[in-house]
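J.: First, the structure itself, so that you have it in front of you.
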2 protein chains.
Amino acid sequence: MANHEELFQETLRERGFRVTPDRLHVYRLLESSPFPLPISTVVEEIQSTGINQTTVYRILELFTAIGIVHPVLIGHGSVGYELIPPFRHHHHHLVCVGCNQVVDLNNCRLEQRVDEIVEPYGYKILYHDLEIHGLCPDCQAKEKDNAPNEN
Amino acid sequence: MANHEELFQETLRERGFRVTPDRLHVYRLLESSPFPLPISTVVEEIQSTGINQTTVYRILELFTAIGIVHPVLIGHGSVGYELIPPFRHHHHHLVCVGCNQVVDLNNCRLEQRVDEIVEPYGYKILYHDLEIHGLCPDCQAKEKDNAPNEN
DNA sequence: GTTTATGCAAACAGTTTGCATGTAC
DNA sequence: GTACATGCAAACTGTTTGCATAAAC
């Protein structure tokens, strides 16, 4: 959405940072990805455009600092980055512990429950992340084939 | 709880791994911590007992592989480890983005909602993590003092 | 006694830093 | 033109690996 990209540019300028081709590249890559990307992937994808590794690190650090992206856990303990609202709609992840497939969940409706849970602590809530881990249908089938008696 | 520790020892033996003083040490450290610990902290805490760094890495890798601990995001994009059920009760985290304080949330009751959300995908759910981010009362106060007109 | 776990040292990978050059504003 | 962003190379940190020794079973 061009709207999001304009918002992105405004956000940078508002805070005194410049809109550069490299920053746009990283932004667009994240916007086009249906799941969070580890730095290594961003570096690979981006390097074909001639952008330096160091620059990618600096851009993701900046984006994190000013609230354009945030880190989330993907796969087994590794970190990926994804756009956060208002740059991308609020959503959660369903992760397969077998094959690391990630499914986006868009019907959250958890706000009320989150409010209830947190109410006693006096926190001002900014956002929440829900990650659901399980076995996808394929991996369930594989598990049955390999170890019918285990567990 | 001694019960949990026995279960821990059983779990190791069942899978063909040995119960060693080092593994017990790491287990007890995690059990005694109210919040997830980054590897660096485990290494520091543990090194006073003479255990080698490499061993800590190997133990945490093992514990993760056989489902005794799991990694969670703490602070700004760094990873911490904590015991998972049945070695520790199910809980979630309320994290302050200002000071990184972590509060344990024990009244989850999200299972039903999670089931509803995931139902269409055919996944077998193993566990879920909810992380709520916000500003603790102290950091809210600080923010007001420092920048009354911003945002 | 056998097999697994640990310690040590070296290798490795990912990340950060300083500085010179290029570019957005 | 000025201040900020980038590229490059080197430094640094955290993590992994191979092998000899020690300990659990």
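For the structure tokens, the naming scheme is as follows: chains receive sequential letters (A, B, ...) according to their order of presentation, residues are indexed from 1 within each chain, and ligands are indexed from 1 in presentation order.
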Please report as a PyMOL selection string which residues of chain C come no farther than 8 Å from chain B, using only C-alpha atoms (C1' of nucleotides).

T.: chain C and resi 4+6-7

J.: Identify all chain D residues at most 12 Å from chain A by counting only C-alpha atoms (C1' of nucleotides); ligands do not count. Present them as a short mmCIF file (atom, residue, chain, number, x, y, z; two decimals) with N, CA, C and O atoms (P, O5', C5', C4', C3', O3' and C1' of nucleotides), in the first residue's frame.

T.:
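Wrote it out as selection19.cif, contents follow:
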data_model
loop_
_atom_site.label_atom_id
_atom_site.label_comp_id
_atom_site.auth_asym_id
_atom_site.auth_seq_id
_atom_site.Cartn_x
_atom_site.Cartn_y
_atom_site.Cartn_z
P DA D 3 26.53 21.12 10.03
"O5'" DA D 3 25.58 19.86 10.07
"C5'" DA D 3 24.18 20.02 9.82
"C4'" DA D 3 23.61 18.66 9.51
"C3'" DA D 3 24.00 17.59 10.51
"O3'" DA D 3 22.87 16.76 10.74
"C1'" DA D 3 24.71 16.94 8.36
P DC D 4 22.86 15.61 11.85
"O5'" DC D 4 22.42 14.35 11.00
"C5'" DC D 4 21.40 14.50 10.01
"C4'" DC D 4 21.61 13.46 8.95
"C3'" DC D 4 21.74 12.04 9.51
"O3'" DC D 4 20.80 11.25 8.81
"C1'" DC D 4 23.46 12.48 7.98
P DA D 5 20.66 9.70 9.05
"O5'" DA D 5 21.42 9.04 7.82
"C5'" DA D 5 20.93 9.27 6.51
"C4'" DA D 5 21.65 8.38 5.53
"C3'" DA D 5 21.73 6.91 5.93
"O3'" DA D 5 21.46 6.16 4.76
"C1'" DA D 5 23.92 7.77 5.65
P DT D 6 21.59 4.62 4.70
"O5'" DT D 6 23.07 4.46 4.14
"C5'" DT D 6 23.32 4.79 2.79
"C4'" DT D 6 24.75 4.45 2.43
"C3'" DT D 6 25.10 2.98 2.56
"O3'" DT D 6 25.54 2.55 1.27
"C1'" DT D 6 26.76 4.33 3.58
P DG D 7 25.86 1.03 0.98
"O5'" DG D 7 27.45 1.05 1.09
"C5'" DG D 7 28.19 1.81 0.16
"C4'" DG D 7 29.67 1.55 0.33
"C3'" DG D 7 30.05 0.07 0.43
"O3'" DG D 7 31.21 -0.10 -0.39
"C1'" DG D 7 30.80 1.21 2.38
P DC D 8 31.82 -1.53 -0.72
"O5'" DC D 8 33.08 -1.59 0.27
"C5'" DC D 8 34.03 -0.52 0.26
"C4'" DC D 8 34.95 -0.67 1.45
"C3'" DC D 8 35.37 -2.10 1.75
"O3'" DC D 8 36.78 -2.19 1.63
"C1'" DC D 8 34.74 -0.94 3.72
P DA D 9 37.50 -3.63 1.70
"O5'" DA D 9 38.25 -3.53 3.10
"C5'" DA D 9 38.82 -2.28 3.51
"C4'" DA D 9 39.26 -2.41 4.95
"C3'" DA D 9 39.76 -3.81 5.30
"O3'" DA D 9 40.91 -3.69 6.11
"C1'" DA D 9 37.94 -3.26 6.69
#

J.: Show me a table, sorted first by chain and then by increasing residue number, of the residues of chain A having an atom at most 8 Å from chain B, each with its shortest atom pair and the distance in Å to one decimal, counting only C-alpha atoms and written as a tab-separated table.

T.:
residue	atom	partner	partner_atom	distance
A:His70	CA	B:Gly77	CA	7.9
A:Pro71	CA	B:Gly77	CA	5.4
A:Val72	CA	B:Leu73	CA	7.0
A:Leu73	CA	B:Leu73	CA	6.5
A:His76	CA	B:Pro71	CA	7.5
A:Gly77	CA	B:Pro71	CA	5.4
A:Val79	CA	B:Gly77	CA	7.0
A:Leu94	CA	B:Val118	CA	7.8
A:Leu105	CA	B:Ile117	CA	7.5
A:Asn107	CA	B:Ile117	CA	6.9
A:Cys108	CA	B:Ile117	CA	7.5
A:Val114	CA	B:Ile132	CA	7.8
A:Ile117	CA	B:Asn107	CA	6.9
A:Val118	CA	B:Leu94	CA	7.8
A:Tyr121	CA	B:Cys136	CA	7.8
A:Gly122	CA	B:Pro137	CA	5.9
A:Tyr123	CA	B:Cys136	CA	4.6
A:Lys124	CA	B:Leu135	CA	5.0
A:Ile125	CA	B:Gly134	CA	4.2
A:Leu126	CA	B:Gly134	CA	4.6
A:Tyr127	CA	B:His133	CA	5.3
A:His128	CA	B:Ile132	CA	4.2
A:Asp129	CA	B:Glu131	CA	5.1
A:Leu130	CA	B:Leu130	CA	4.3
A:Glu131	CA	B:Asp129	CA	5.1
A:Ile132	CA	B:His128	CA	4.2
A:His133	CA	B:Tyr127	CA	5.3
A:Gly134	CA	B:Ile125	CA	4.2
A:Leu135	CA	B:Lys124	CA	5.0
A:Cys136	CA	B:Tyr123	CA	4.6
A:Pro137	CA	B:Tyr123	CA	5.8
A:Gln140	CA	B:Lys124	CA	7.5

J.: Pick out the residues sitting within 10 Å of DT15 of chain C, and hand them over as a VMD selection string; count only C-alpha atoms (C1' of nucleotides), and ignore anything fewer than 4 positions along from it in its own chain.

T.: (chain A and resid 54 57) or (chain D and resid 12 to 14)

J.: Using DSSP secondary structure from the backbone, list all strand (DSSP E) positions within segment 93-124 of chain B, as a list in words.

T.: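 Going through segment 93-124 of chain B, the strand (DSSP E) residues come out as His93, Leu94, Val95, Cys96, Val102, Val103, Asp104, Leu105 and Lys124 of chain B.
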
J.: Could you tell me how far atom CA of Gly50 of chain B lies from atom CA of Arg28 of chain B, in Å and to one decimal?

T.: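 Separation of atom CA of Gly50 of chain B and atom CA of Arg28 of chain B: 15.5 Å.
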
J.: DSSP on the backbone, then: every residue of segment 19-150 of chain A marked helix (DSSP H, G or I), written as a short mmCIF file (atom, residue, chain, number, x, y, z; two decimals) with N, CA and C atoms, in the first residue's frame.

T.:
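Contents of the output file states-v4.cif:
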data_model
loop_
_atom_site.label_atom_id
_atom_site.label_comp_id
_atom_site.auth_asym_id
_atom_site.auth_seq_id
_atom_site.Cartn_x
_atom_site.Cartn_y
_atom_site.Cartn_z
N PRO A 21 17.20 5.40 -0.45
CA PRO A 21 16.83 4.20 -1.22
C PRO A 21 17.02 2.93 -0.42
N ASP A 22 18.08 2.85 0.37
CA ASP A 22 18.33 1.64 1.15
C ASP A 22 17.21 1.42 2.17
N ARG A 23 16.82 2.47 2.85
CA ARG A 23 15.77 2.32 3.85
C ARG A 23 14.45 1.92 3.19
N LEU A 24 14.18 2.47 2.05
CA LEU A 24 12.98 2.09 1.32
C LEU A 24 13.02 0.62 0.91
N HIS A 25 14.19 0.20 0.45
CA HIS A 25 14.35 -1.20 0.06
C HIS A 25 14.02 -2.14 1.21
N VAL A 26 14.61 -1.88 2.37
CA VAL A 26 14.38 -2.75 3.51
C VAL A 26 12.91 -2.70 3.91
N TYR A 27 12.36 -1.50 3.90
CA TYR A 27 10.95 -1.36 4.25
C TYR A 27 10.06 -2.19 3.33
N ARG A 28 10.31 -2.07 2.03
CA ARG A 28 9.47 -2.79 1.06
C ARG A 28 9.63 -4.30 1.18
N LEU A 29 10.84 -4.73 1.47
CA LEU A 29 11.06 -6.16 1.65
C LEU A 29 10.23 -6.68 2.81
N LEU A 30 10.26 -5.96 3.91
CA LEU A 30 9.48 -6.37 5.08
C LEU A 30 7.99 -6.33 4.79
N GLU A 31 7.59 -5.31 4.04
CA GLU A 31 6.16 -5.18 3.74
C GLU A 31 5.68 -6.32 2.84
N SER A 32 6.56 -6.78 1.98
CA SER A 32 6.14 -7.81 1.04
C SER A 32 6.20 -9.22 1.65
N ILE A 39 17.55 -11.35 10.23
CA ILE A 39 18.49 -10.41 9.62
C ILE A 39 19.21 -11.05 8.45
N SER A 40 19.62 -12.31 8.64
CA SER A 40 20.40 -12.97 7.59
C SER A 40 19.64 -12.97 6.27
N THR A 41 18.33 -13.19 6.34
CA THR A 41 17.52 -13.19 5.11
C THR A 41 17.45 -11.79 4.51
N VAL A 42 17.25 -10.81 5.36
CA VAL A 42 17.21 -9.44 4.85
C VAL A 42 18.53 -9.11 4.16
N VAL A 43 19.62 -9.50 4.79
CA VAL A 43 20.93 -9.24 4.20
C VAL A 43 21.04 -9.91 2.84
N GLU A 44 20.67 -11.17 2.76
CA GLU A 44 20.77 -11.89 1.49
C GLU A 44 19.91 -11.25 0.40
N GLU A 45 18.65 -11.03 0.73
CA GLU A 45 17.70 -10.49 -0.24
C GLU A 45 18.16 -9.12 -0.74
N ILE A 46 18.72 -8.39 0.19
CA ILE A 46 19.05 -7.01 -0.08
C ILE A 46 20.40 -6.87 -0.78
N GLN A 47 21.28 -7.84 -0.53
CA GLN A 47 22.62 -7.70 -1.08
C GLN A 47 22.62 -7.74 -2.60
N GLN A 53 25.98 -5.06 4.09
CA GLN A 53 25.50 -5.75 5.28
C GLN A 53 25.38 -4.81 6.47
N THR A 54 26.42 -4.07 6.68
CA THR A 54 26.44 -3.14 7.82
C THR A 54 25.25 -2.20 7.77
N THR A 55 24.93 -1.76 6.58
CA THR A 55 23.80 -0.85 6.42
C THR A 55 22.49 -1.51 6.83
N VAL A 56 22.34 -2.78 6.48
CA VAL A 56 21.13 -3.50 6.87
C VAL A 56 21.02 -3.54 8.40
N TYR A 57 22.10 -3.86 9.06
CA TYR A 57 22.08 -3.87 10.52
C TYR A 57 21.67 -2.51 11.07
N ARG A 58 22.25 -1.46 10.48
CA ARG A 58 21.94 -0.13 11.00
C ARG A 58 20.49 0.26 10.73
N ILE A 59 20.00 -0.15 9.58
CA ILE A 59 18.62 0.20 9.25
C ILE A 59 17.64 -0.54 10.16
N LEU A 60 17.89 -1.82 10.39
CA LEU A 60 16.96 -2.56 11.26
C LEU A 60 17.02 -2.06 12.70
N GLU A 61 18.19 -1.64 13.11
CA GLU A 61 18.32 -1.07 14.45
C GLU A 61 17.51 0.23 14.54
N LEU A 62 17.65 1.05 13.51
CA LEU A 62 16.89 2.31 13.48
C LEU A 62 15.39 2.05 13.47
N PHE A 63 14.96 1.15 12.57
CA PHE A 63 13.52 0.85 12.47
C PHE A 63 12.97 0.34 13.79
N THR A 64 13.76 -0.46 14.48
CA THR A 64 13.32 -0.97 15.78
C THR A 64 13.20 0.17 16.79
N ALA A 65 14.21 1.03 16.77
CA ALA A 65 14.26 2.10 17.75
C ALA A 65 13.08 3.07 17.60
N GLU A 111 -7.76 -8.26 22.73
CA GLU A 111 -7.54 -7.01 23.48
C GLU A 111 -8.24 -7.01 24.84
N GLN A 112 -9.50 -7.43 24.81
CA GLN A 112 -10.26 -7.35 26.05
C GLN A 112 -9.66 -8.25 27.13
N ARG A 113 -9.35 -9.45 26.71
CA ARG A 113 -8.77 -10.42 27.64
C ARG A 113 -7.43 -9.89 28.17
N VAL A 114 -6.64 -9.32 27.28
CA VAL A 114 -5.35 -8.76 27.68
C VAL A 114 -5.55 -7.65 28.71
N ASP A 115 -6.53 -6.81 28.44
CA ASP A 115 -6.83 -5.73 29.39
C ASP A 115 -7.17 -6.29 30.77
N GLU A 116 -8.01 -7.31 30.78
CA GLU A 116 -8.40 -7.93 32.05
C GLU A 116 -7.19 -8.47 32.80
N ILE A 117 -6.35 -9.20 32.06
CA ILE A 117 -5.20 -9.85 32.69
C ILE A 117 -4.27 -8.83 33.33
N VAL A 118 -4.10 -7.71 32.62
CA VAL A 118 -3.06 -6.77 33.02
C VAL A 118 -3.56 -5.71 33.99
N GLU A 119 -4.85 -5.60 34.07
CA GLU A 119 -5.47 -4.54 34.86
C GLU A 119 -4.82 -4.28 36.23
N PRO A 120 -4.53 -5.35 37.02
CA PRO A 120 -4.00 -5.10 38.36
C PRO A 120 -2.62 -4.44 38.41
N TYR A 121 -1.92 -4.40 37.29
CA TYR A 121 -0.51 -4.00 37.35
C TYR A 121 -0.26 -2.54 37.00
N PRO A 137 -0.56 -30.09 10.07
CA PRO A 137 -1.11 -31.38 9.64
C PRO A 137 -0.05 -32.31 9.04
N ASP A 138 0.82 -31.77 8.19
CA ASP A 138 1.86 -32.61 7.58
C ASP A 138 2.76 -33.26 8.63
N CYS A 139 3.19 -32.44 9.59
CA CYS A 139 4.12 -32.96 10.60
C CYS A 139 3.42 -33.93 11.54
N GLN A 140 2.13 -33.74 11.77
CA GLN A 140 1.39 -34.72 12.56
C GLN A 140 1.41 -36.07 11.86
N ALA A 141 1.19 -36.04 10.55
CA ALA A 141 1.18 -37.28 9.78
C ALA A 141 2.54 -37.96 9.83
N LYS A 142 3.59 -37.17 9.64
CA LYS A 142 4.95 -37.73 9.69
C LYS A 142 5.22 -38.38 11.03
N GLU A 143 4.80 -37.68 12.10
CA GLU A 143 5.06 -38.20 13.44
C GLU A 143 4.41 -39.57 13.63
N LYS A 144 3.19 -39.69 13.14
CA LYS A 144 2.50 -40.96 13.26
C LYS A 144 3.24 -42.07 12.52
N ASP A 145 3.74 -41.74 11.32
CA ASP A 145 4.46 -42.74 10.53
C ASP A 145 5.72 -43.21 11.25
N ASN A 146 6.46 -42.24 11.80
CA ASN A 146 7.77 -42.57 12.34
C ASN A 146 7.74 -43.24 13.70
#
